[in-house]
$ cat my_file.cif   # mmCIF, C-alpha atoms
data_structure
#
loop_
_atom_site.group_PDB
_atom_site.id
_atom_site.type_symbol
_atom_site.label_atom_id
_atom_site.label_comp_id
_atom_site.auth_asym_id
_atom_site.auth_seq_id
_atom_site.Cartn_x
_atom_site.Cartn_y
_atom_site.Cartn_z
ATOM 1 C CA MET J 1 23.037 4.054 0.932
ATOM 2 C CA THR J 2 20.444 2.372 3.082
ATOM 3 C CA ASP J 3 16.763 3.175 2.649
ATOM 4 C CA ASP J 4 16.346 4.711 6.046
ATOM 5 C CA ALA J 5 19.678 6.351 6.519
ATOM 6 C CA GLY J 6 17.700 9.469 7.394
ATOM 7 C CA ARG J 7 20.359 11.707 5.924
ATOM 8 C CA ILE J 8 22.047 11.999 2.605
ATOM 9 C CA GLY J 9 25.144 13.858 1.553
ATOM 10 C CA ARG J 10 24.986 17.557 0.821
ATOM 11 C CA LEU J 11 25.622 17.057 -2.905
ATOM 12 C CA THR J 12 22.934 14.437 -3.200
ATOM 13 C CA GLU J 13 20.579 16.657 -1.255
ATOM 14 C CA LEU J 14 21.209 19.514 -3.670
ATOM 15 C CA LEU J 15 20.740 17.155 -6.592
ATOM 16 C CA MET J 16 17.407 15.929 -5.240
ATOM 17 C CA ARG J 17 16.154 19.409 -4.415
ATOM 18 C CA ALA J 18 17.116 20.594 -7.886
ATOM 19 C CA LEU J 19 15.307 17.659 -9.503
ATOM 20 C CA ASP J 20 12.187 18.346 -7.495
ATOM 21 C CA ASP J 21 12.357 22.100 -7.820
ATOM 22 C CA GLU J 22 12.712 22.520 -4.078
ATOM 23 C CA LEU J 23 15.997 24.404 -3.923
ATOM 24 C CA ALA J 24 16.092 27.154 -1.320
ATOM 25 C CA PRO J 25 17.009 30.660 -2.479
ATOM 26 C CA GLY J 26 20.741 30.774 -3.137
ATOM 27 C CA GLU J 27 21.077 27.003 -3.518
ATOM 28 C CA ARG J 28 20.595 27.148 -7.304
ATOM 29 C CA GLU J 29 23.923 28.972 -7.772
ATOM 30 C CA GLU J 30 25.631 26.594 -5.346
ATOM 31 C CA PHE J 31 24.254 23.595 -7.242
ATOM 32 C CA GLU J 32 25.322 24.947 -10.628
ATOM 33 C CA ARG J 33 28.828 25.585 -9.314
ATOM 34 C CA VAL J 34 29.069 22.071 -7.907
ATOM 35 C CA LEU J 35 27.780 20.611 -11.149
ATOM 36 C CA VAL J 36 30.598 22.276 -13.116
ATOM 37 C CA ASP J 37 33.245 21.105 -10.647
ATOM 38 C CA ASN J 38 31.976 17.551 -10.308
ATOM 39 C CA PRO J 39 31.592 15.501 -13.529
ATOM 40 C CA GLU J 40 30.283 12.460 -11.632
ATOM 41 C CA LEU J 41 27.495 14.495 -10.142
ATOM 42 C CA ALA J 42 26.804 16.035 -13.549
ATOM 43 C CA ALA J 43 26.436 12.539 -15.032
ATOM 44 C CA GLU J 44 24.072 11.531 -12.253
ATOM 45 C CA TRP J 45 22.098 14.738 -12.713
ATOM 46 C CA LYS J 46 21.650 13.850 -16.390
ATOM 47 C CA ARG J 47 20.588 10.292 -15.582
ATOM 48 C CA LEU J 48 18.081 11.277 -12.916
ATOM 49 C CA SER J 49 16.797 14.215 -14.973
ATOM 50 C CA ARG J 50 15.898 11.738 -17.708
ATOM 51 C CA LEU J 51 13.977 9.637 -15.187
ATOM 52 C CA LYS J 52 12.267 12.762 -13.880
ATOM 53 C CA GLU J 53 11.266 13.674 -17.411
ATOM 54 C CA VAL J 54 9.739 10.223 -17.921
ATOM 55 C CA THR J 55 7.783 10.273 -14.662
ATOM 56 C CA THR J 56 6.631 13.854 -15.174
ATOM 57 C CA ASN J 57 4.951 12.677 -18.348
ATOM 58 C CA MET J 58 3.126 9.843 -16.585
ATOM 59 C CA ASN J 59 0.048 9.982 -14.395
ATOM 60 C CA LEU J 60 -1.872 7.511 -12.309
ATOM 61 C CA ARG J 61 -4.563 6.043 -14.530
ATOM 62 C CA ASN J 62 -8.064 7.345 -13.843
ATOM 63 C CA PRO J 63 -10.680 4.728 -13.059
ATOM 64 C CA PRO J 64 -13.940 4.626 -15.052
ATOM 65 C CA GLU J 65 -16.474 7.269 -13.975
ATOM 66 C CA GLU J 66 -18.909 4.554 -12.807
ATOM 67 C CA MET J 67 -16.471 3.609 -10.095
ATOM 68 C CA TRP J 68 -16.742 7.020 -8.440
ATOM 69 C CA ALA J 69 -20.515 6.908 -8.794
ATOM 70 C CA GLY J 70 -20.761 3.657 -6.826
ATOM 71 C CA TYR J 71 -17.866 4.315 -4.472
ATOM 72 C CA TRP J 72 -19.741 5.366 -1.336
ATOM 73 C CA THR J 73 -22.433 2.754 -1.883
ATOM 74 C CA SER J 74 -19.699 0.110 -1.773
ATOM 75 C CA VAL J 75 -18.232 1.656 1.392
ATOM 76 C CA TYR J 76 -21.696 1.550 2.987
ATOM 77 C CA SER J 77 -22.187 -2.076 1.834
ATOM 78 C CA ARG J 78 -18.864 -3.036 3.378
ATOM 79 C CA PHE J 79 -19.839 -1.455 6.659
ATOM 80 C CA GLU J 80 -23.231 -3.162 6.494
ATOM 81 C CA ARG J 81 -21.627 -6.516 5.710
ATOM 82 C CA GLY J 82 -19.207 -6.077 8.609
ATOM 83 C CA LEU J 83 -22.144 -5.500 10.950
ATOM 84 C CA ALA J 84 -23.978 -8.478 9.417
ATOM 85 C CA TRP J 85 -20.960 -10.731 10.039
ATOM 86 C CA VAL J 86 -20.828 -9.656 13.673
ATOM 87 C CA LEU J 87 -24.527 -10.492 14.098
ATOM 88 C CA VAL J 88 -24.145 -13.811 12.242
ATOM 89 C CA SER J 89 -21.131 -14.694 14.406
ATOM 90 C CA ILE J 90 -22.945 -13.869 17.641
ATOM 91 C CA GLY J 91 -25.998 -15.836 16.500
ATOM 92 C CA ALA J 92 -23.852 -18.819 15.427
ATOM 93 C CA ILE J 93 -21.999 -18.874 18.752
ATOM 94 C CA VAL J 94 -25.225 -18.711 20.797
ATOM 95 C CA VAL J 95 -27.080 -21.293 18.686
ATOM 96 C CA GLY J 96 -24.002 -23.532 18.462
ATOM 97 C CA SER J 97 -23.473 -23.411 22.236
ATOM 98 C CA TRP J 98 -27.109 -24.141 22.888
ATOM 99 C CA GLY J 99 -27.050 -27.042 20.363
ATOM 100 C CA ALA J 100 -23.891 -28.431 21.939
ATOM 101 C CA TRP J 101 -25.449 -28.236 25.405
ATOM 102 C CA GLN J 102 -28.582 -30.023 24.154
ATOM 103 C CA PHE J 103 -26.437 -32.659 22.474
ATOM 104 C CA VAL J 104 -24.456 -33.294 25.642
ATOM 105 C CA GLN J 105 -27.648 -33.539 27.704
ATOM 106 C CA ASP J 106 -29.198 -35.986 25.236
ATOM 107 C CA LEU J 107 -25.989 -37.963 25.090
ATOM 108 C CA MET J 108 -25.749 -38.284 28.854
ATOM 109 C CA ALA J 109 -29.456 -39.175 29.104
ATOM 110 C CA ASP J 110 -29.173 -41.959 26.510
ATOM 111 C CA ALA J 111 -29.415 -45.145 28.536
ATOM 112 C CA ASP J 112 -28.495 -47.403 25.593
ATOM 113 C CA LEU J 113 -24.987 -45.994 25.146
ATOM 114 C CA PRO J 114 -22.209 -47.393 27.332
ATOM 115 C CA MET J 115 -20.643 -44.817 29.644
ATOM 116 C CA PHE J 116 -17.165 -45.067 28.072
ATOM 117 C CA VAL J 117 -18.629 -44.160 24.640
ATOM 118 C CA LYS J 118 -20.389 -41.118 26.122
ATOM 119 C CA TRP J 119 -17.195 -39.879 27.766
ATOM 120 C CA SER J 120 -15.173 -40.592 24.620
ATOM 121 C CA ILE J 121 -17.555 -38.505 22.501
ATOM 122 C CA LEU J 122 -17.390 -35.736 25.086
ATOM 123 C CA ALA J 123 -13.583 -35.870 25.162
ATOM 124 C CA LEU J 124 -13.507 -35.725 21.363
ATOM 125 C CA LEU J 125 -15.757 -32.660 21.261
ATOM 126 C CA VAL J 126 -13.945 -30.828 24.046
ATOM 127 C CA GLY J 127 -10.593 -31.627 22.396
ATOM 128 C CA LEU J 128 -11.764 -30.269 19.041
ATOM 129 C CA VAL J 129 -13.020 -27.050 20.645
ATOM 130 C CA MET J 130 -9.732 -26.640 22.542
ATOM 131 C CA LEU J 131 -7.720 -27.158 19.349
ATOM 132 C CA LEU J 132 -9.817 -24.588 17.510
ATOM 133 C CA VAL J 133 -9.499 -22.012 20.285
ATOM 134 C CA SER J 134 -5.765 -22.656 20.566
ATOM 135 C CA VAL J 135 -5.161 -22.181 16.836
ATOM 136 C CA LEU J 136 -7.267 -19.008 16.749
ATOM 137 C CA ARG J 137 -5.506 -17.569 19.803
ATOM 138 C CA HIS J 138 -2.081 -18.355 18.340
ATOM 139 C CA ARG J 139 -2.956 -16.714 15.007
ATOM 140 C CA LEU J 140 -4.242 -13.640 16.793
ATOM 141 C CA PHE J 141 -1.099 -13.445 18.912
ATOM 142 C CA VAL J 142 1.216 -13.816 15.883
ATOM 143 C CA SER J 143 -0.626 -11.206 13.856
ATOM 144 C CA ARG J 144 -0.398 -8.699 16.737
ATOM 145 C CA SER J 145 3.156 -9.300 17.834
ATOM 146 C CA ASP J 146 5.028 -10.161 14.632
ATOM 147 C CA PRO J 147 8.047 -7.792 14.793
ATOM 148 C CA TYR J 148 8.734 -8.295 11.088
ATOM 149 C CA LYS J 149 5.291 -7.464 9.805
ATOM 150 C CA GLU J 150 6.398 -4.122 8.357
ATOM 151 C CA ILE J 151 9.409 -5.658 6.638
ATOM 152 C CA GLU J 152 9.299 -6.342 2.922
ATOM 153 C CA ARG J 153 10.156 -9.987 2.260
ATOM 154 C CA MET R 1 -12.052 9.688 -1.637
ATOM 155 C CA GLN R 2 -10.096 10.258 -4.868
ATOM 156 C CA ARG R 3 -6.936 11.072 -2.991
ATOM 157 C CA CYS R 4 -7.298 7.915 -0.946
ATOM 158 C CA TYR R 5 -7.920 5.804 -4.066
ATOM 159 C CA TYR R 6 -4.917 7.209 -5.935
ATOM 160 C CA ALA R 7 -2.656 6.760 -2.911
ATOM 161 C CA ALA R 8 -3.680 3.097 -2.758
ATOM 162 C CA LEU R 9 -3.272 2.716 -6.522
ATOM 163 C CA GLY R 10 0.284 4.008 -6.310
ATOM 164 C CA MET R 11 1.091 1.568 -3.534
ATOM 165 C CA VAL R 12 -0.518 -1.618 -4.870
ATOM 166 C CA GLY R 13 -0.602 -0.976 -8.622
ATOM 167 C CA SER R 14 -3.978 -2.562 -9.259
ATOM 168 C CA PRO R 15 -7.112 -0.435 -9.781
ATOM 169 C CA GLN R 16 -9.426 -3.099 -8.374
ATOM 170 C CA ASP R 17 -7.350 -3.632 -5.241
ATOM 171 C CA ALA R 18 -6.899 0.124 -4.829
ATOM 172 C CA GLU R 19 -10.676 0.513 -4.817
ATOM 173 C CA ASP R 20 -11.077 -2.314 -2.275
ATOM 174 C CA LEU R 21 -8.342 -1.046 0.015
ATOM 175 C CA SER R 22 -9.378 2.603 -0.072
ATOM 176 C CA GLN R 23 -12.981 1.657 0.720
ATOM 177 C CA GLU R 24 -11.824 -0.593 3.538
ATOM 178 C CA ALA R 25 -9.776 2.319 4.904
ATOM 179 C CA PHE R 26 -12.929 4.441 5.117
ATOM 180 C CA VAL R 27 -14.804 1.638 6.883
ATOM 181 C CA ARG R 28 -12.003 1.221 9.417
ATOM 182 C CA ALA R 29 -11.715 4.957 9.881
ATOM 183 C CA PHE R 30 -15.426 5.111 10.644
ATOM 184 C CA ARG R 31 -15.142 2.291 13.165
ATOM 185 C CA ALA R 32 -12.175 3.979 14.833
ATOM 186 C CA ARG R 33 -13.658 7.488 14.658
ATOM 187 C CA GLU R 34 -13.455 8.046 18.399
ATOM 188 C CA ARG R 35 -9.646 7.871 18.111
ATOM 189 C CA LEU R 36 -9.595 10.757 15.628
ATOM 190 C CA ASP R 37 -8.312 13.979 17.123
ATOM 191 C CA PRO R 38 -10.647 16.723 15.814
ATOM 192 C CA GLU R 39 -7.841 19.251 16.262
ATOM 193 C CA ARG R 40 -5.699 17.475 13.653
ATOM 194 C CA PRO R 41 -6.298 17.115 9.905
ATOM 195 C CA PHE R 42 -8.283 14.068 8.799
ATOM 196 C CA TYR R 43 -6.324 12.908 5.772
ATOM 197 C CA PRO R 44 -2.984 12.080 7.460
ATOM 198 C CA TRP R 45 -4.902 9.969 9.976
ATOM 199 C CA LEU R 46 -6.826 8.193 7.218
ATOM 200 C CA TYR R 47 -3.613 7.750 5.266
ATOM 201 C CA GLN R 48 -2.014 5.882 8.171
ATOM 202 C CA ILE R 49 -4.910 3.419 8.112
ATOM 203 C CA LEU R 50 -4.682 3.100 4.347
ATOM 204 C CA ARG R 51 -0.938 2.546 4.223
ATOM 205 C CA ARG R 52 -1.161 -0.153 6.903
ATOM 206 C CA LEU R 53 -3.769 -1.916 4.787
ATOM 207 C CA CYS R 54 -1.629 -1.579 1.657
ATOM 208 C CA TYR R 55 1.528 -2.796 3.412
ATOM 209 C CA ASN R 56 -0.331 -5.812 4.763
ATOM 210 C CA PHE R 57 -1.848 -6.455 1.365
ATOM 211 C CA THR R 58 1.478 -6.508 -0.449
ATOM 212 C CA ARG R 59 3.085 -8.585 2.294
ATOM 213 C CA ASP R 60 0.504 -11.303 2.161
ATOM 214 C CA ILE R 61 1.591 -14.131 -0.136
ATOM 215 C CA THR R 62 -1.900 -14.844 -1.422
ATOM 216 C CA SER R 63 -2.520 -11.249 -2.324
ATOM 217 C CA ARG R 64 0.899 -11.042 -3.978
ATOM 218 C CA ARG R 65 -0.186 -13.839 -6.258
ATOM 219 C CA ARG R 66 -3.479 -12.060 -6.845
ATOM 220 C CA LYS R 67 -1.557 -8.870 -7.479
ATOM 221 C CA LEU R 68 0.451 -10.563 -10.191
ATOM 222 C CA GLU R 69 -2.700 -11.954 -11.768
ATOM 223 C CA ARG R 70 -4.394 -8.585 -11.685
ATOM 224 C CA ALA R 71 -1.335 -6.593 -12.631
ATOM 225 C CA GLY R 72 -2.550 -4.272 -15.311
ATOM 226 C CA SER R 73 -1.578 -0.868 -16.414
ATOM 227 C CA TRP R 74 -1.977 1.704 -13.679
ATOM 228 C CA LEU R 75 0.071 4.480 -15.207
ATOM 229 C CA VAL R 76 -0.801 6.447 -18.281
ATOM 230 C CA ALA R 77 1.166 8.863 -20.423
ATOM 231 C CA GLU R 78 -0.071 12.433 -20.081
ATOM 232 C CA ALA R 79 -2.741 13.439 -22.596
ATOM 233 C CA SER R 80 -0.488 16.091 -24.111
ATOM 234 C CA VAL R 81 2.217 13.497 -24.748
ATOM 235 C CA ARG R 82 -0.275 11.020 -26.239
ATOM 236 C CA ALA R 83 -1.735 13.672 -28.512
ATOM 237 C CA SER R 84 1.642 14.814 -29.764
ATOM 238 C CA VAL R 85 2.732 11.314 -30.689
ATOM 239 C CA ASN R 86 1.316 10.299 -34.040
ATOM 240 C CA ASP R 87 4.181 8.085 -35.032
ATOM 241 C CA PRO R 88 3.318 4.399 -34.297
ATOM 242 C CA GLU R 89 6.949 3.711 -33.453
ATOM 243 C CA ARG R 90 6.938 6.439 -30.829
ATOM 244 C CA VAL R 91 3.635 5.199 -29.464
ATOM 245 C CA ARG R 92 5.137 1.730 -29.052
ATOM 246 C CA ALA R 93 8.245 3.191 -27.427
ATOM 247 C CA THR R 94 6.145 5.237 -24.988
ATOM 248 C CA GLU R 95 4.121 2.138 -24.110
ATOM 249 C CA ALA R 96 7.286 0.106 -23.592
ATOM 250 C CA LEU R 97 8.635 2.836 -21.332
ATOM 251 C CA ARG R 98 5.404 2.924 -19.343
ATOM 252 C CA GLU R 99 5.396 -0.846 -18.927
ATOM 253 C CA ARG R 100 9.032 -0.882 -17.884
ATOM 254 C CA LEU R 101 8.433 1.919 -15.400
ATOM 255 C CA GLU R 102 5.382 0.169 -13.926
ATOM 256 C CA GLY R 103 7.355 -3.041 -13.497
ATOM 257 C CA ALA R 104 10.315 -1.231 -11.971
ATOM 258 C CA ILE R 105 8.137 0.701 -9.510
ATOM 259 C CA GLY R 106 6.365 -2.546 -8.629
ATOM 260 C CA ASP R 107 9.710 -4.112 -7.700
ATOM 261 C CA LEU R 108 10.728 -1.297 -5.355
ATOM 262 C CA PRO R 109 10.637 -1.942 -1.611
ATOM 263 C CA MET R 110 7.329 -0.636 -0.303
ATOM 264 C CA ALA R 111 8.847 2.233 1.710
ATOM 265 C CA GLN R 112 10.643 3.564 -1.378
ATOM 266 C CA ARG R 113 7.699 3.010 -3.655
ATOM 267 C CA GLU R 114 5.391 4.887 -1.329
ATOM 268 C CA VAL R 115 7.635 7.952 -1.183
ATOM 269 C CA PHE R 116 8.274 7.866 -4.925
ATOM 270 C CA VAL R 117 4.561 7.750 -5.769
ATOM 271 C CA LEU R 118 3.708 10.531 -3.323
ATOM 272 C CA LYS R 119 6.391 12.713 -4.837
ATOM 273 C CA GLU R 120 6.076 11.955 -8.529
ATOM 274 C CA PHE R 121 2.411 11.209 -9.039
ATOM 275 C CA GLU R 122 0.754 13.086 -6.205
ATOM 276 C CA GLY R 123 3.122 16.012 -6.409
ATOM 277 C CA LEU R 124 3.675 16.418 -2.666
ATOM 278 C CA LYS R 125 6.585 18.411 -1.267
ATOM 279 C CA TYR R 126 9.222 16.696 0.891
ATOM 280 C CA ARG R 127 7.773 18.361 3.968
ATOM 281 C CA GLU R 128 4.261 17.164 3.170
ATOM 282 C CA ILE R 129 5.460 13.587 2.622
ATOM 283 C CA ALA R 130 7.425 13.690 5.866
ATOM 284 C CA GLU R 131 4.336 14.851 7.754
ATOM 285 C CA LEU R 132 2.138 12.254 6.123
ATOM 286 C CA LEU R 133 4.512 9.388 6.912
ATOM 287 C CA ASP R 134 5.644 10.847 10.208
ATOM 288 C CA VAL R 135 9.351 10.542 9.321
ATOM 289 C CA PRO R 136 12.147 13.145 9.027
ATOM 290 C CA ILE R 137 12.628 14.945 5.698
ATOM 291 C CA GLY R 138 16.089 13.326 5.426
ATOM 292 C CA THR R 139 14.444 9.903 5.436
ATOM 293 C CA VAL R 140 12.036 10.982 2.713
ATOM 294 C CA MET R 141 14.930 12.197 0.587
ATOM 295 C CA SER R 142 17.063 9.115 1.143
ATOM 296 C CA ARG R 143 14.192 6.771 0.263
ATOM 297 C CA LEU R 144 13.397 8.819 -2.811
ATOM 298 C CA TYR R 145 17.042 8.882 -3.840
ATOM 299 C CA ALA R 146 17.341 5.108 -3.446
ATOM 300 C CA ALA R 147 14.136 4.616 -5.458
ATOM 301 C CA ARG R 148 15.386 6.859 -8.236
ATOM 302 C CA GLN R 149 18.715 5.069 -8.395
ATOM 303 C CA ARG R 150 16.972 1.738 -8.857
ATOM 304 C CA LEU R 151 14.493 3.067 -11.389
ATOM 305 C CA ALA R 152 17.126 4.913 -13.417
ATOM 306 C CA ALA R 153 19.161 1.695 -13.591
ATOM 307 C CA ARG R 154 16.099 -0.218 -14.806
ATOM 308 C CA LEU R 155 15.242 2.359 -17.462
ATOM 309 C CA GLU R 156 18.738 2.695 -18.859
ATOM 310 C CA GLY R 157 18.963 1.969 -22.571
ATOM 311 C CA LEU R 158 15.274 2.540 -23.101
ATOM 312 C CA GLU R 159 14.215 5.701 -24.877
#
$ encode --input "my_file.cif" --output "structure tokens"
Amino acid sequence: MTDDAGRIGRLTELLMRALDDELAPGEREEFERVLVDNPELAAEWKRLSRLKEVTTNMNLRNPPEEMWAGYWTSVYSRFERGLAWVLVSIGAIVVGSWGAWQFVQDLMADADLPMFVKWSILALLVGLVMLLVSVLRHRLFVSRSDPYKEIER
Amino acid sequence: MQRCYYAALGMVGSPQDAEDLSQEAFVRAFRARERLDPERPFYPWLYQILRRLCYNFTRDITSRRRKLERAGSWLVAEASVRASVNDPERVRATEALRERLEGAIGDLPMAQREVFVLKEFEGLKYREIAELLDVPIGTVMSRLYAARQRLAARLEGLE
């Protein structure tokens, strides 16, 4: 049976409902009748009942009390840090752009440097920026359009 | 917040990561608050954000490695069972069973694991799980059945 078959056989459905105490009125008698007539199903019922018994006796472990006490503070800190990163990013972009512009102006105004060196440095910088933008754009595109992102590998 | 934490714990199996992911879900929910329909219940909407985070987390190779490093015990035998077991042999057997179950749940495909945890540890009805995941009840039952088959096979021979 595939994970997402979306439907299971009637016997299996009864078995599951019985395990989870979700049988509709009247289904209990039907299930008990089927169980008597079908030894394979009875064996599976026994096997899955044992599993149910094990899981019924287990719980998710509670975290330490201190975690709950600091929970919302951490949520607030995360939000604050997110905002801080946005501001830092904006500031870095503005300052970086301004610095780059100043650098280019100084470079072009430097009379001692030969012209081919100036243009080579400019080409190098522009190339690096283009590479960076290209990689970032590609990563963004892949993360948004990956058709297999919900698939367990 | 507790419900969100436990849902994440069931999906990723690490208390520390469950805390991180559930908190991140609240942050993202706050940022996306204008998309929340006030006519509809909040938790299913939050849960969709949380499960996306958890799916991405378990898919990511780096976090898988981190998950293995952090893998600790995230299940616990019920207090009544612990109290009734005074025999050291039985205590060891219960611990072995818990460890085996944790490992087996951890190896389930995420879609099966999610349904199994919601049913067994959060005690939701099929209908409630179907609504939460936005899938038909038949899909919930088939995923749960597949999960149980795998887990029962893994626990065979262990008492």
$ closest_residue --input "my_file.cif" --among "R:Ile49, R:Tyr145, R:Arg35, R:Glu131" --to "Gln23 in chain R" --atoms "all atoms listed in the file"
R:Ile49
$ resolve_selection --input "my_file.cif" --expression "the PyMOL selection byres ((chain R) within 8 of (chain J))" --output "ChimeraX atom specification"
/R:6,9-10,15,23-24,26-27,55-56,59,73-78,81,98,109-110,112,120-121,125,136-143,145-146,148-149,151-152,155
$ atom_distance --input "my_file.cif" --atom1 "CA of Ala130 in chain R" --atom2 "CA of Leu118 in chain R"
10.4 Å
$ residues_around --input "my_file.cif" --residues "Ile121 in chain J" --least-positions-apart "5" --cutoff "9 Å" --atoms "all atoms listed in the file" --output "number ranges by chain"
J: 107, 116, 126
$ write_last_selection --input "my_file.cif" --atoms "C-alpha atoms" --output "compact mmCIF listing (two decimals), keeping the file's coordinate frame"
# COMPACT_ATOMS: atom_id res chain seq x y z
CA LEU J 107 -25.99 -37.96 25.09
CA PHE J 116 -17.16 -45.07 28.07
CA VAL J 126 -13.94 -30.83 24.05
$ atom_distance --input "my_file.cif" --atom1 "CA of Ala29 in chain R" --atom2 "CA of Trp45 in chain R"
8.5 Å
$ atom_distance --input "my_file.cif" --atom1 "CA of Phe141 in chain J" --atom2 "CA of Met11 in chain R"
27.1 Å
$ closest_residue --input "my_file.cif" --among "R:Tyr47, R:Tyr5, R:Phe116, R:Tyr126" --to "Asp20 in chain R" --atoms "all atoms listed in the file"
R:Tyr5
$ closest_residue --input "my_file.cif" --among "J:Arg81, J:Val117, J:Phe103, J:Glu53" --to "Leu97 in chain R" --atoms "all atoms listed in the file"
J:Glu53
$ axis_aligned_box --input "my_file.cif" --around "range 104-121 of chain J" --padding-each-side "6 Å" --output "AutoDock Vina command-line options"
--center_x -22.3 --center_y -40.3 --center_z 26.1 --size_x 26.3 --size_y 26.1 --size_z 19.1
$ resolve_selection --input "my_file.cif" --expression "the PyMOL selection byres ((chain R and resi 43) around 12)" --output "MDAnalysis selection string"
chainID R and resid 1:4 7 25:26 29 36:38 40:42 44:51 128 131:133
$ write_last_selection --input "my_file.cif" --atoms "C-alpha atoms" --output "tab-separated table (two decimals), in the coordinates of the input"
chain	number	residue	atom	x	y	z
R	1	MET	CA	-12.05	9.69	-1.64
R	2	GLN	CA	-10.10	10.26	-4.87
R	3	ARG	CA	-6.94	11.07	-2.99
R	4	CYS	CA	-7.30	7.92	-0.95
R	7	ALA	CA	-2.66	6.76	-2.91
R	25	ALA	CA	-9.78	2.32	4.90
R	26	PHE	CA	-12.93	4.44	5.12
R	29	ALA	CA	-11.72	4.96	9.88
R	36	LEU	CA	-9.60	10.76	15.63
R	37	ASP	CA	-8.31	13.98	17.12
R	38	PRO	CA	-10.65	16.72	15.81
R	40	ARG	CA	-5.70	17.48	13.65
R	41	PRO	CA	-6.30	17.11	9.90
R	42	PHE	CA	-8.28	14.07	8.80
R	44	PRO	CA	-2.98	12.08	7.46
R	45	TRP	CA	-4.90	9.97	9.98
R	46	LEU	CA	-6.83	8.19	7.22
R	47	TYR	CA	-3.61	7.75	5.27
R	48	GLN	CA	-2.01	5.88	8.17
R	49	ILE	CA	-4.91	3.42	8.11
R	50	LEU	CA	-4.68	3.10	4.35
R	51	ARG	CA	-0.94	2.55	4.22
R	128	GLU	CA	4.26	17.16	3.17
R	131	GLU	CA	4.34	14.85	7.75
R	132	LEU	CA	2.14	12.25	6.12
R	133	LEU	CA	4.51	9.39	6.91
$ resolve_selection --input "my_file.cif" --expression "the PyMOL selection byres ((chain J and resi 122) around 12)" --output "PyMOL selection string"
chain J and resi 100-101+103-108+115-121+123-129
$ closest_residue --input "my_file.cif" --among "J:Ala69, J:Val34, J:Ala92, J:Leu23" --to "Leu11 in chain J" --atoms "only C-alpha atoms"
J:Val34
